[in-house]
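> So that you have it, the file is run_9.cif, and it contains mmCIF, C-alpha atoms:
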```
data_run
#
loop_
_atom_site.label_atom_id
_atom_site.label_comp_id
_atom_site.auth_asym_id
_atom_site.auth_seq_id
_atom_site.Cartn_x
_atom_site.Cartn_y
_atom_site.Cartn_z
CA MET A 1 4.96 -265.40 24.13
CA LEU A 2 4.58 -266.61 27.69
CA GLY A 3 0.79 -266.38 27.86
CA GLU A 4 -0.91 -267.35 31.09
CA VAL A 5 2.31 -268.35 32.87
CA GLN A 6 3.33 -264.66 32.90
CA ARG A 7 0.89 -264.25 35.80
CA ILE A 8 3.39 -265.98 38.11
CA PHE A 9 5.18 -262.58 38.06
CA TYR A 10 2.40 -261.04 40.22
CA PHE A 11 3.33 -263.36 43.08
CA HIS A 12 6.96 -264.24 42.42
CA VAL A 13 8.24 -260.66 42.59
CA PRO A 14 6.29 -259.67 45.77
CA LEU A 15 7.50 -262.91 47.43
CA ALA A 16 11.09 -262.00 46.58
CA TRP A 17 10.64 -258.40 47.79
CA ASN A 18 9.21 -259.59 51.09
CA MET A 19 12.12 -262.00 51.42
CA PHE A 20 14.48 -259.01 51.06
CA LEU A 21 12.42 -257.13 53.66
CA ALA A 22 12.61 -260.11 56.05
CA PHE A 23 16.37 -260.49 55.74
CA PHE A 24 16.78 -256.72 56.14
CA ILE A 25 14.79 -256.85 59.40
CA ALA A 26 16.96 -259.79 60.56
CA PHE A 27 20.08 -257.78 59.69
CA ILE A 28 18.96 -254.63 61.56
CA ALA A 29 17.72 -256.64 64.57
CA SER A 30 21.05 -258.50 64.73
CA ILE A 31 23.00 -255.23 64.73
CA LEU A 32 20.70 -253.87 67.45
CA TYR A 33 21.18 -257.07 69.48
CA LEU A 34 24.96 -256.79 69.34
CA ALA A 35 24.74 -253.10 70.29
CA THR A 36 22.26 -253.43 73.17
CA ARG A 37 22.26 -257.17 74.12
CA LYS A 38 18.49 -256.97 74.56
CA GLU A 39 16.69 -260.31 74.06
CA ARG A 40 13.87 -258.66 72.12
CA TRP A 41 16.20 -257.99 69.14
CA ASP A 42 17.21 -261.65 69.03
CA ILE A 43 13.52 -262.57 68.95
CA TRP A 44 12.94 -260.24 65.97
CA ALA A 45 16.07 -261.49 64.21
CA VAL A 46 15.18 -265.19 64.39
CA SER A 47 11.53 -264.53 63.49
CA ALA A 48 12.46 -262.42 60.47
CA ALA A 49 15.09 -264.95 59.34
CA GLU A 50 12.68 -267.89 59.50
CA THR A 51 9.88 -266.07 57.67
CA GLY A 52 12.48 -264.88 55.15
CA VAL A 53 13.50 -268.47 54.45
CA VAL A 54 9.84 -269.42 53.86
CA PHE A 55 9.38 -266.54 51.39
CA ALA A 56 12.75 -267.28 49.74
CA THR A 57 11.74 -270.92 49.24
CA LEU A 58 8.42 -269.93 47.66
CA ALA A 59 10.07 -267.27 45.47
CA THR A 60 12.63 -269.82 44.23
CA ILE A 61 10.05 -272.51 43.46
CA THR A 62 7.72 -270.08 41.64
CA GLY A 63 10.70 -268.67 39.74
CA SER A 64 11.66 -272.18 38.71
CA LEU A 65 8.10 -272.89 37.53
CA TRP A 66 8.22 -269.71 35.45
CA ALA A 67 11.67 -270.56 34.08
CA ARG A 68 10.59 -273.92 32.59
CA PRO A 69 8.28 -272.46 29.92
CA ALA A 70 10.30 -269.22 29.59
CA TRP A 71 13.87 -270.60 29.40
CA GLY A 72 13.19 -274.28 28.75
CA THR A 73 14.71 -275.38 32.05
CA TYR A 74 13.74 -275.37 35.72
CA TRP A 75 17.21 -274.34 36.85
CA THR A 76 20.31 -272.78 35.38
CA TRP A 77 23.45 -271.47 37.08
CA ASP A 78 22.57 -267.88 36.28
CA PRO A 79 24.08 -265.16 38.58
CA ARG A 80 20.66 -264.24 40.03
CA LEU A 81 19.66 -267.85 40.71
CA THR A 82 23.05 -268.80 42.10
CA THR A 83 23.33 -265.83 44.49
CA MET A 84 19.73 -266.47 45.54
CA LEU A 85 20.50 -270.14 46.31
CA ILE A 86 23.57 -269.08 48.33
CA LEU A 87 21.38 -266.63 50.29
CA TRP A 88 18.87 -269.42 51.01
CA PHE A 89 21.64 -271.74 52.25
CA LEU A 90 23.13 -268.97 54.41
CA PHE A 91 19.88 -268.31 56.26
CA VAL A 92 18.98 -272.02 56.53
CA GLY A 93 22.47 -272.41 58.04
CA TYR A 94 21.68 -269.55 60.43
CA LEU A 95 18.53 -271.39 61.62
CA LEU A 96 20.39 -274.71 61.96
CA LEU A 97 23.22 -273.07 63.87
CA ARG A 98 20.76 -271.77 66.45
CA GLU A 99 19.67 -275.35 67.17
CA PHE A 100 23.22 -276.41 68.00
CA ILE A 101 24.03 -273.78 70.65
CA ASP A 102 22.45 -274.35 74.06
CA ASP A 103 23.50 -271.21 75.92
CA PRO A 104 20.87 -268.56 74.96
CA GLU A 105 23.23 -265.60 75.28
CA ARG A 106 25.95 -267.24 73.20
CA ARG A 107 23.38 -268.45 70.64
CA ALA A 108 22.03 -264.93 70.22
CA ARG A 109 25.51 -263.39 69.90
CA VAL A 110 26.91 -265.94 67.40
CA SER A 111 23.77 -266.00 65.27
CA ALA A 112 23.64 -262.17 65.16
CA VAL A 113 27.13 -262.17 63.64
CA VAL A 114 26.12 -264.91 61.16
CA ALA A 115 22.97 -262.98 60.15
CA ILE A 116 25.00 -259.84 59.48
CA ILE A 117 27.48 -261.78 57.32
CA ALA A 118 24.65 -263.64 55.52
CA PHE A 119 22.93 -260.35 54.72
CA LEU A 120 25.98 -259.25 52.69
CA ASP A 121 24.67 -261.57 49.95
CA VAL A 122 21.40 -259.59 49.64
CA PRO A 123 22.88 -256.65 47.68
CA LEU A 124 24.63 -259.24 45.48
CA VAL A 125 21.31 -260.97 44.71
CA PHE A 126 19.73 -257.61 43.90
CA LEU A 127 22.61 -256.34 41.76
CA SER A 128 23.49 -259.68 40.12
CA VAL A 129 21.23 -259.04 37.12
CA ARG A 130 22.71 -255.56 36.71
CA LEU A 131 26.39 -256.41 37.25
CA TRP A 132 26.71 -259.65 35.27
CA ARG A 133 25.20 -261.10 32.11
CA SER A 134 22.02 -262.73 33.30
CA LEU A 135 19.00 -264.45 31.81
CA HIS A 136 16.80 -263.13 34.60
CA PRO A 137 14.66 -260.17 33.45
CA VAL A 138 15.16 -256.74 35.04
CA ILE A 139 11.82 -255.06 35.52
CA PHE A 140 12.62 -251.99 37.56
CA GLU A 141 15.49 -249.54 37.16
CA ALA A 142 16.96 -251.40 34.23
CA PRO A 143 19.11 -249.61 31.62
CA LYS A 144 16.81 -248.14 28.94
CA ALA A 145 17.83 -250.65 26.26
CA GLU A 146 16.96 -253.65 28.48
CA LYS A 147 13.92 -252.20 30.17
CA VAL A 148 10.76 -254.32 30.11
CA HIS A 149 7.80 -252.00 29.49
CA LEU A 150 4.74 -252.89 31.51
CA SER A 151 1.30 -251.51 30.80
CA PRO A 152 -0.43 -249.40 33.52
CA LYS A 153 -2.96 -252.23 33.96
CA ILE A 154 -0.21 -254.75 34.71
CA MET A 155 1.49 -252.28 37.05
CA ALA A 156 -1.77 -251.67 38.97
CA VAL A 157 -2.33 -255.40 39.51
CA PHE A 158 1.33 -255.89 40.42
CA PHE A 159 1.32 -253.13 43.07
CA PHE A 160 -1.96 -254.43 44.47
CA CYS A 161 -0.39 -257.91 44.87
CA LEU A 162 2.75 -256.36 46.35
CA ALA A 163 0.72 -254.45 48.97
CA VAL A 164 -1.41 -257.48 49.89
CA LEU A 165 1.55 -259.84 50.18
CA THR A 166 3.50 -257.29 52.24
CA LEU A 167 0.58 -257.00 54.68
CA LEU A 168 0.35 -260.79 54.82
CA TYR A 169 4.09 -260.99 55.42
CA LEU A 170 3.87 -258.51 58.32
CA LEU A 171 1.02 -260.53 59.84
CA ILE A 172 3.07 -263.75 59.55
CA LEU A 173 6.10 -262.01 61.08
CA LEU A 174 4.06 -260.77 64.05
CA MET A 175 2.69 -264.30 64.58
CA ARG A 176 6.20 -265.73 64.49
CA VAL A 177 7.43 -263.09 66.98
CA GLU A 178 4.59 -264.01 69.35
CA VAL A 179 5.50 -267.73 69.05
CA GLU A 180 9.12 -266.92 69.91
CA VAL A 181 8.11 -264.78 72.93
CA LEU A 182 5.89 -267.61 74.22
CA ARG A 183 8.64 -270.22 73.65
CA ARG A 184 10.99 -268.18 75.82
CA ASP A 185 8.29 -267.66 78.45
CA VAL A 186 7.84 -271.44 78.65
CA ALA A 187 11.62 -271.94 78.95
CA HIS A 188 11.85 -269.31 81.75
CA LEU A 189 8.89 -270.79 83.64
CA LYS A 190 10.32 -274.31 83.39
CA GLU A 191 13.68 -273.06 84.64
CA ARG A 192 12.02 -271.31 87.58
CA GLU A 193 10.05 -274.47 88.35
CA LYS A 194 13.27 -276.49 88.38
CA GLU A 195 14.95 -274.00 90.72
CA ALA A 196 11.96 -274.09 93.09
CA LEU A 197 12.19 -277.87 93.47
CA PRO A 198 13.96 -278.92 96.68
CA MET V 1 -1.58 -273.32 32.38
CA THR V 2 -0.15 -276.26 34.35
CA PHE V 3 2.86 -274.23 35.48
CA LEU V 4 0.66 -271.33 36.56
CA PHE V 5 -1.58 -273.71 38.50
CA LEU V 6 1.42 -275.39 40.13
CA ALA V 7 2.86 -272.00 41.12
CA TYR V 8 -0.44 -270.90 42.69
CA LEU V 9 -0.68 -274.24 44.48
CA VAL V 10 2.86 -273.93 45.88
CA ILE V 11 2.30 -270.34 47.07
CA PHE V 12 -1.06 -270.85 48.72
CA LEU V 13 -0.23 -274.27 50.17
CA GLY V 14 3.15 -273.02 51.42
CA LEU V 15 1.77 -269.91 53.10
CA PHE V 16 -1.32 -271.71 54.39
CA LEU V 17 0.64 -274.58 55.95
CA TYR V 18 3.20 -272.24 57.52
CA MET V 19 0.46 -270.04 59.01
CA ALA V 20 -1.40 -273.13 60.25
CA LYS V 21 1.79 -274.33 61.95
CA LEU V 22 2.31 -270.91 63.58
CA ASN V 23 -1.30 -270.87 64.73
CA ALA V 24 -1.01 -274.37 66.24
CA ASP V 25 2.25 -273.38 67.97
CA LEU V 26 0.59 -270.25 69.39
CA THR V 27 -2.34 -272.21 70.80
CA GLY V 28 -0.12 -274.93 72.28
CA LEU V 29 2.35 -272.49 73.82
CA LYS V 30 -0.39 -270.30 75.32
CA GLU V 31 -1.87 -273.38 77.02
CA GLU V 32 1.58 -274.46 78.23
CA VAL V 33 2.29 -271.00 79.71
CA GLU V 34 -1.06 -271.00 81.50
CA ALA V 35 -0.45 -274.51 82.88
CA LEU V 36 3.04 -273.61 84.10
CA LYS V 37 1.80 -270.38 85.69
CA GLY V 38 -1.01 -272.31 87.40
CA ALA V 39 1.46 -274.89 88.70
CA SER V 40 3.82 -272.23 90.07
CA ARG V 41 0.89 -270.42 91.75
CA GLN V 42 -0.13 -273.72 93.38
CA GLY V 43 3.45 -274.24 94.51
CA GLU V 44 3.55 -270.79 96.12
CA GLY V 45 0.20 -271.47 97.85
CA ARG V 46 1.62 -274.55 99.52
#
```
As structure tokens, how would this structure be written, given the file I've shared?


Amino acid sequence: MLGEVQRIFYFHVPLAWNMFLAFFIAFIASILYLATRKERWDIWAVSAAETGVVFATLATITGSLWARPAWGTYWTWDPRLTTMLILWFLFVGYLLLREFIDDPERRARVSAVVAIIAFLDVPLVFLSVRLWRSLHPVIFEAPKAEKVHLSPKIMAVFFFCLAVLTLLYLLILLMRVEVEVLRRDVAHLKEREKEALP
Amino acid sequence: MTFLFLAYLVIFLGLFLYMAKLNADLTGLKEEVEALKGASRQGEGR
């Protein structure tokens, strides 16, 4: 019996779902950037990727805190945990890469390609518990024999937490987009100021 | 109980600190944009 620690589930799963949502937005925005070359898609891609990394970090730490009492260890090289760690490294790499390229157009183009490649790990993370033998529980859409049955009360609380955290995620994403827009405004204004100097 | 408390602490501290950082960035950048716009307007006036 897990007891109180089971409550981590109400936050851990919504954090992970919002991480998937964030990386999906980064993936779509990167495709749109490559197709249209409009700066706005690069802004959405980097904002979604950064917020996705924040949510991925929190989902991993809370998962680890749940794993200690449930599995007896904070970390194990389980398919779900391993693919998740790879995904985290891929998007942290994406953010680091952006810092190393000075030319904005080239930075946007290269990082859009990296984001698309990094996103290929997302279906693997999702399917890892279904494709391979994994310790990680499957709550939704599991085969009947492995299905974890949740009471309607637990489901109600879970969906409430999912809705609230999704709204919070969208708010954070919009804030991050605004920060990125302002950063670029500052860069443009500074450039114009430099050009105006005799 | 300790693990649950730690998890709550990590989530709320993590989200709170990230949002606080975004908020501080927003305020700072807005002020910087205004200052730069003001400076360029002054430059045009001259």

> For the file shown, report as a PyMOL selection string the outcome of the PyMOL selection byres ((chain V) within 8 of (chain A)) at residue level.

chain V and resi 1+3-4+6-8+10-11+14+19+22-23+25-26+29-30+32-33+36-37+40

> Tell me, in Å to one decimal, how far atom CA of V:Tyr18 is from atom CA of A:Gly52.

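Going from atom CA of V:Tyr18 over to atom CA of A:Gly52, I get 12.1 Å.
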
> Which distance in Å separates atom CA of A:Arg109 and atom CA of A:Trp41, to one decimal?

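Atom CA of A:Trp41 lies at a distance of 10.8 Å from atom CA of A:Arg109.
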
> With only C-alpha atoms as the counted atoms, please give the residues lying no more than 12 Å from stretch 117-129 of chain A, apart from itself and same-chain residues fewer than 6 positions off, as a PDB file with C-alpha atoms, in the frame of the given file.


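And here's part-v6.pdb as it stands now:
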```
ATOM      1  CA  VAL A  13       8.240-260.660  42.590  1.00  0.00           C
ATOM      2  CA  ALA A  16      11.090-262.000  46.580  1.00  0.00           C
ATOM      3  CA  TRP A  17      10.640-258.400  47.790  1.00  0.00           C
ATOM      4  CA  MET A  19      12.120-262.000  51.420  1.00  0.00           C
ATOM      5  CA  PHE A  20      14.480-259.010  51.060  1.00  0.00           C
ATOM      6  CA  LEU A  21      12.420-257.130  53.660  1.00  0.00           C
ATOM      7  CA  ALA A  22      12.610-260.110  56.050  1.00  0.00           C
ATOM      8  CA  PHE A  23      16.370-260.490  55.740  1.00  0.00           C
ATOM      9  CA  PHE A  24      16.780-256.720  56.140  1.00  0.00           C
ATOM     10  CA  ILE A  25      14.790-256.850  59.400  1.00  0.00           C
ATOM     11  CA  ALA A  26      16.960-259.790  60.560  1.00  0.00           C
ATOM     12  CA  PHE A  27      20.080-257.780  59.690  1.00  0.00           C
ATOM     13  CA  ILE A  28      18.960-254.630  61.560  1.00  0.00           C
ATOM     14  CA  ALA A  29      17.720-256.640  64.570  1.00  0.00           C
ATOM     15  CA  SER A  30      21.050-258.500  64.730  1.00  0.00           C
ATOM     16  CA  ILE A  31      23.000-255.230  64.730  1.00  0.00           C
ATOM     17  CA  ALA A  45      16.070-261.490  64.210  1.00  0.00           C
ATOM     18  CA  ALA A  49      15.090-264.950  59.340  1.00  0.00           C
ATOM     19  CA  GLY A  52      12.480-264.880  55.150  1.00  0.00           C
ATOM     20  CA  ALA A  56      12.750-267.280  49.740  1.00  0.00           C
ATOM     21  CA  ASP A  78      22.570-267.880  36.280  1.00  0.00           C
ATOM     22  CA  PRO A  79      24.080-265.160  38.580  1.00  0.00           C
ATOM     23  CA  ARG A  80      20.660-264.240  40.030  1.00  0.00           C
ATOM     24  CA  LEU A  81      19.660-267.850  40.710  1.00  0.00           C
ATOM     25  CA  THR A  82      23.050-268.800  42.100  1.00  0.00           C
ATOM     26  CA  THR A  83      23.330-265.830  44.490  1.00  0.00           C
ATOM     27  CA  MET A  84      19.730-266.470  45.540  1.00  0.00           C
ATOM     28  CA  LEU A  85      20.500-270.140  46.310  1.00  0.00           C
ATOM     29  CA  ILE A  86      23.570-269.080  48.330  1.00  0.00           C
ATOM     30  CA  LEU A  87      21.380-266.630  50.290  1.00  0.00           C
ATOM     31  CA  TRP A  88      18.870-269.420  51.010  1.00  0.00           C
ATOM     32  CA  PHE A  89      21.640-271.740  52.250  1.00  0.00           C
ATOM     33  CA  LEU A  90      23.130-268.970  54.410  1.00  0.00           C
ATOM     34  CA  PHE A  91      19.880-268.310  56.260  1.00  0.00           C
ATOM     35  CA  VAL A  92      18.980-272.020  56.530  1.00  0.00           C
ATOM     36  CA  GLY A  93      22.470-272.410  58.040  1.00  0.00           C
ATOM     37  CA  TYR A  94      21.680-269.550  60.430  1.00  0.00           C
ATOM     38  CA  LEU A  95      18.530-271.390  61.620  1.00  0.00           C
ATOM     39  CA  VAL A 110      26.910-265.940  67.400  1.00  0.00           C
ATOM     40  CA  SER A 111      23.770-266.000  65.270  1.00  0.00           C
ATOM     41  CA  LEU A 135      19.000-264.450  31.810  1.00  0.00           C
ATOM     42  CA  HIS A 136      16.800-263.130  34.600  1.00  0.00           C
ATOM     43  CA  PRO A 137      14.660-260.170  33.450  1.00  0.00           C
ATOM     44  CA  VAL A 138      15.160-256.740  35.040  1.00  0.00           C
ATOM     45  CA  ILE A 139      11.820-255.060  35.520  1.00  0.00           C
ATOM     46  CA  PHE A 140      12.620-251.990  37.560  1.00  0.00           C
ATOM     47  CA  GLU A 141      15.490-249.540  37.160  1.00  0.00           C
ATOM     48  CA  ALA A 142      16.960-251.400  34.230  1.00  0.00           C
ATOM     49  CA  PRO A 143      19.110-249.610  31.620  1.00  0.00           C
ATOM     50  CA  GLU A 146      16.960-253.650  28.480  1.00  0.00           C
TER      51      GLU A 146
END
```

> Ranking A:Ile101, A:Val157, A:Leu32, A:Ala108 by minimum distance to A:Val46 and counting all atoms listed in the file, which one comes first?

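Comparing A:Ile101, A:Val157, A:Leu32, A:Ala108 against A:Val46, the winner is A:Ala108.
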
> First collect every listed atom of stretch 25-32 of chain V; then fit an axis-aligned box around them, widen it by 6 Å on each side, and give centre and edge lengths in Å to one decimal, as lines of an AutoDock Vina configuration file.


```
center_x = 0.0
center_y = -272.6
center_z = 73.1
size_x = 16.7
size_y = 16.7
size_z = 22.3
```

> Kindly give the distance, in Å, that separates atom CA of V:Ala39 and atom CA of V:Ala24, rounded to a single decimal.

22.6 Å

> Would you please take stretch 122-135 of chain A of the structure in the block above and write all heavy atoms to a file as a PDB file, in the first residue's frame?


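Dumped everything to out00.pdb:
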```pdb
ATOM      1  N   VAL A 122       9.225  11.678 -28.207  1.00  0.00           N
ATOM      2  CA  VAL A 122       7.976  11.782 -27.426  1.00  0.00           C
ATOM      3  C   VAL A 122       7.086  10.543 -27.586  1.00  0.00           C
ATOM      4  O   VAL A 122       6.659   9.961 -26.583  1.00  0.00           O
ATOM      5  CB  VAL A 122       7.217  13.094 -27.749  1.00  0.00           C
ATOM      6  CG1 VAL A 122       5.814  13.069 -27.171  1.00  0.00           C
ATOM      7  CG2 VAL A 122       7.988  14.284 -27.185  1.00  0.00           C
ATOM      8  N   PRO A 123       6.819  10.082 -28.833  1.00  0.00           N
ATOM      9  CA  PRO A 123       6.018   8.851 -28.939  1.00  0.00           C
ATOM     10  C   PRO A 123       6.693   7.663 -28.253  1.00  0.00           C
ATOM     11  O   PRO A 123       6.006   6.801 -27.700  1.00  0.00           O
ATOM     12  CB  PRO A 123       5.925   8.607 -30.453  1.00  0.00           C
ATOM     13  CG  PRO A 123       6.347   9.847 -31.113  1.00  0.00           C
ATOM     14  CD  PRO A 123       7.127  10.660 -30.150  1.00  0.00           C
ATOM     15  N   LEU A 124       8.031   7.652 -28.260  1.00  0.00           N
ATOM     16  CA  LEU A 124       8.759   6.560 -27.588  1.00  0.00           C
ATOM     17  C   LEU A 124       8.526   6.593 -26.081  1.00  0.00           C
ATOM     18  O   LEU A 124       8.337   5.554 -25.456  1.00  0.00           O
ATOM     19  CB  LEU A 124      10.257   6.692 -27.860  1.00  0.00           C
ATOM     20  CG  LEU A 124      10.825   5.925 -29.056  1.00  0.00           C
ATOM     21  CD1 LEU A 124      12.334   6.106 -29.095  1.00  0.00           C
ATOM     22  CD2 LEU A 124      10.497   4.444 -28.965  1.00  0.00           C
ATOM     23  N   VAL A 125       8.553   7.811 -25.501  1.00  0.00           N
ATOM     24  CA  VAL A 125       8.302   7.945 -24.054  1.00  0.00           C
ATOM     25  C   VAL A 125       6.893   7.431 -23.747  1.00  0.00           C
ATOM     26  O   VAL A 125       6.680   6.656 -22.821  1.00  0.00           O
ATOM     27  CB  VAL A 125       8.442   9.416 -23.586  1.00  0.00           C
ATOM     28  CG1 VAL A 125       8.111   9.552 -22.111  1.00  0.00           C
ATOM     29  CG2 VAL A 125       9.836   9.949 -23.853  1.00  0.00           C
ATOM     30  N   PHE A 126       5.942   7.860 -24.572  1.00  0.00           N
ATOM     31  CA  PHE A 126       4.537   7.494 -24.346  1.00  0.00           C
ATOM     32  C   PHE A 126       4.325   5.985 -24.488  1.00  0.00           C
ATOM     33  O   PHE A 126       3.650   5.359 -23.687  1.00  0.00           O
ATOM     34  CB  PHE A 126       3.644   8.255 -25.337  1.00  0.00           C
ATOM     35  CG  PHE A 126       2.186   8.068 -25.067  1.00  0.00           C
ATOM     36  CD1 PHE A 126       1.579   8.729 -24.010  1.00  0.00           C
ATOM     37  CD2 PHE A 126       1.421   7.224 -25.856  1.00  0.00           C
ATOM     38  CE1 PHE A 126       0.229   8.540 -23.740  1.00  0.00           C
ATOM     39  CE2 PHE A 126       0.075   7.033 -25.592  1.00  0.00           C
ATOM     40  CZ  PHE A 126      -0.518   7.700 -24.536  1.00  0.00           C
ATOM     41  N   LEU A 127       4.937   5.404 -25.529  1.00  0.00           N
ATOM     42  CA  LEU A 127       4.692   3.990 -25.818  1.00  0.00           C
ATOM     43  C   LEU A 127       5.622   3.043 -25.057  1.00  0.00           C
ATOM     44  O   LEU A 127       5.388   1.841 -25.058  1.00  0.00           O
ATOM     45  CB  LEU A 127       4.848   3.743 -27.329  1.00  0.00           C
ATOM     46  CG  LEU A 127       3.794   4.398 -28.226  1.00  0.00           C
ATOM     47  CD1 LEU A 127       4.174   4.254 -29.682  1.00  0.00           C
ATOM     48  CD2 LEU A 127       2.415   3.802 -27.980  1.00  0.00           C
ATOM     49  N   SER A 128       6.678   3.601 -24.424  1.00  0.00           N
ATOM     50  CA  SER A 128       7.682   2.747 -23.778  1.00  0.00           C
ATOM     51  C   SER A 128       7.065   1.754 -22.794  1.00  0.00           C
ATOM     52  O   SER A 128       7.471   0.585 -22.752  1.00  0.00           O
ATOM     53  CB  SER A 128       8.723   3.610 -23.078  1.00  0.00           C
ATOM     54  OG  SER A 128       8.096   4.442 -22.148  1.00  0.00           O
ATOM     55  N   VAL A 129       6.060   2.206 -22.031  1.00  0.00           N
ATOM     56  CA  VAL A 129       5.461   1.300 -21.037  1.00  0.00           C
ATOM     57  C   VAL A 129       4.567   0.251 -21.691  1.00  0.00           C
ATOM     58  O   VAL A 129       4.208  -0.746 -21.076  1.00  0.00           O
ATOM     59  CB  VAL A 129       4.650   2.079 -19.976  1.00  0.00           C
ATOM     60  CG1 VAL A 129       5.567   2.760 -18.992  1.00  0.00           C
ATOM     61  CG2 VAL A 129       3.710   3.071 -20.615  1.00  0.00           C
ATOM     62  N   ARG A 130       4.175   0.518 -22.945  1.00  0.00           N
ATOM     63  CA  ARG A 130       3.309  -0.428 -23.646  1.00  0.00           C
ATOM     64  C   ARG A 130       4.114  -1.400 -24.510  1.00  0.00           C
ATOM     65  O   ARG A 130       3.695  -2.526 -24.740  1.00  0.00           O
ATOM     66  CB  ARG A 130       2.301   0.343 -24.493  1.00  0.00           C
ATOM     67  CG  ARG A 130       1.330   1.132 -23.634  1.00  0.00           C
ATOM     68  CD  ARG A 130       0.661   2.251 -24.416  1.00  0.00           C
ATOM     69  NE  ARG A 130      -0.312   2.963 -23.584  1.00  0.00           N
ATOM     70  CZ  ARG A 130      -0.005   3.971 -22.768  1.00  0.00           C
ATOM     71  NH1 ARG A 130       1.242   4.379 -22.665  1.00  0.00           N
ATOM     72  NH2 ARG A 130      -0.934   4.554 -22.052  1.00  0.00           N
ATOM     73  N   LEU A 131       5.262  -0.902 -25.021  1.00  0.00           N
ATOM     74  CA  LEU A 131       6.065  -1.731 -25.933  1.00  0.00           C
ATOM     75  C   LEU A 131       7.015  -2.674 -25.202  1.00  0.00           C
ATOM     76  O   LEU A 131       7.266  -3.780 -25.651  1.00  0.00           O
ATOM     77  CB  LEU A 131       6.881  -0.831 -26.869  1.00  0.00           C
ATOM     78  CG  LEU A 131       6.107  -0.003 -27.898  1.00  0.00           C
ATOM     79  CD1 LEU A 131       7.050   0.900 -28.667  1.00  0.00           C
ATOM     80  CD2 LEU A 131       5.348  -0.903 -28.872  1.00  0.00           C
ATOM     81  N   TRP A 132       7.608  -2.175 -24.085  1.00  0.00           N
ATOM     82  CA  TRP A 132       8.611  -2.985 -23.385  1.00  0.00           C
ATOM     83  C   TRP A 132       8.143  -3.310 -21.978  1.00  0.00           C
ATOM     84  O   TRP A 132       7.225  -2.681 -21.467  1.00  0.00           O
ATOM     85  CB  TRP A 132       9.936  -2.206 -23.325  1.00  0.00           C
ATOM     86  CG  TRP A 132      10.490  -1.902 -24.672  1.00  0.00           C
ATOM     87  CD1 TRP A 132      10.896  -2.814 -25.604  1.00  0.00           C
ATOM     88  CD2 TRP A 132      10.680  -0.608 -25.266  1.00  0.00           C
ATOM     89  NE1 TRP A 132      11.340  -2.171 -26.730  1.00  0.00           N
ATOM     90  CE2 TRP A 132      11.225  -0.820 -26.561  1.00  0.00           C
ATOM     91  CE3 TRP A 132      10.463   0.690 -24.845  1.00  0.00           C
ATOM     92  CZ2 TRP A 132      11.546   0.229 -27.423  1.00  0.00           C
ATOM     93  CZ3 TRP A 132      10.778   1.737 -25.697  1.00  0.00           C
ATOM     94  CH2 TRP A 132      11.308   1.502 -26.970  1.00  0.00           C
ATOM     95  N   ARG A 133       8.838  -4.251 -21.357  1.00  0.00           N
ATOM     96  CA  ARG A 133       8.515  -4.586 -19.961  1.00  0.00           C
ATOM     97  C   ARG A 133       8.963  -3.420 -19.095  1.00  0.00           C
ATOM     98  O   ARG A 133      10.126  -3.037 -19.112  1.00  0.00           O
ATOM     99  CB  ARG A 133       9.261  -5.850 -19.539  1.00  0.00           C
ATOM    100  CG  ARG A 133       8.732  -7.106 -20.197  1.00  0.00           C
ATOM    101  CD  ARG A 133       9.714  -8.236 -20.009  1.00  0.00           C
ATOM    102  NE  ARG A 133       9.827  -8.576 -18.594  1.00  0.00           N
ATOM    103  CZ  ARG A 133       9.058  -9.483 -18.010  1.00  0.00           C
ATOM    104  NH1 ARG A 133       8.141 -10.112 -18.691  1.00  0.00           N
ATOM    105  NH2 ARG A 133       9.209  -9.765 -16.735  1.00  0.00           N
ATOM    106  N   SER A 134       8.021  -2.847 -18.373  1.00  0.00           N
ATOM    107  CA  SER A 134       8.351  -1.652 -17.598  1.00  0.00           C
ATOM    108  C   SER A 134       7.733  -1.712 -16.208  1.00  0.00           C
ATOM    109  O   SER A 134       6.656  -2.273 -16.020  1.00  0.00           O
ATOM    110  CB  SER A 134       7.834  -0.420 -18.352  1.00  0.00           C
ATOM    111  OG  SER A 134       8.016   0.729 -17.579  1.00  0.00           O
ATOM    112  N   LEU A 135       8.447  -1.118 -15.261  1.00  0.00           N
ATOM    113  CA  LEU A 135       7.926  -1.029 -13.891  1.00  0.00           C
ATOM    114  C   LEU A 135       6.856   0.044 -13.772  1.00  0.00           C
ATOM    115  O   LEU A 135       5.981   0.000 -12.930  1.00  0.00           O
ATOM    116  CB  LEU A 135       9.075  -0.631 -12.938  1.00  0.00           C
ATOM    117  CG  LEU A 135      10.035  -1.688 -12.439  1.00  0.00           C
ATOM    118  CD1 LEU A 135      11.205  -1.010 -11.744  1.00  0.00           C
ATOM    119  CD2 LEU A 135       9.340  -2.632 -11.485  1.00  0.00           C
TER     120      LEU A 135
END
```
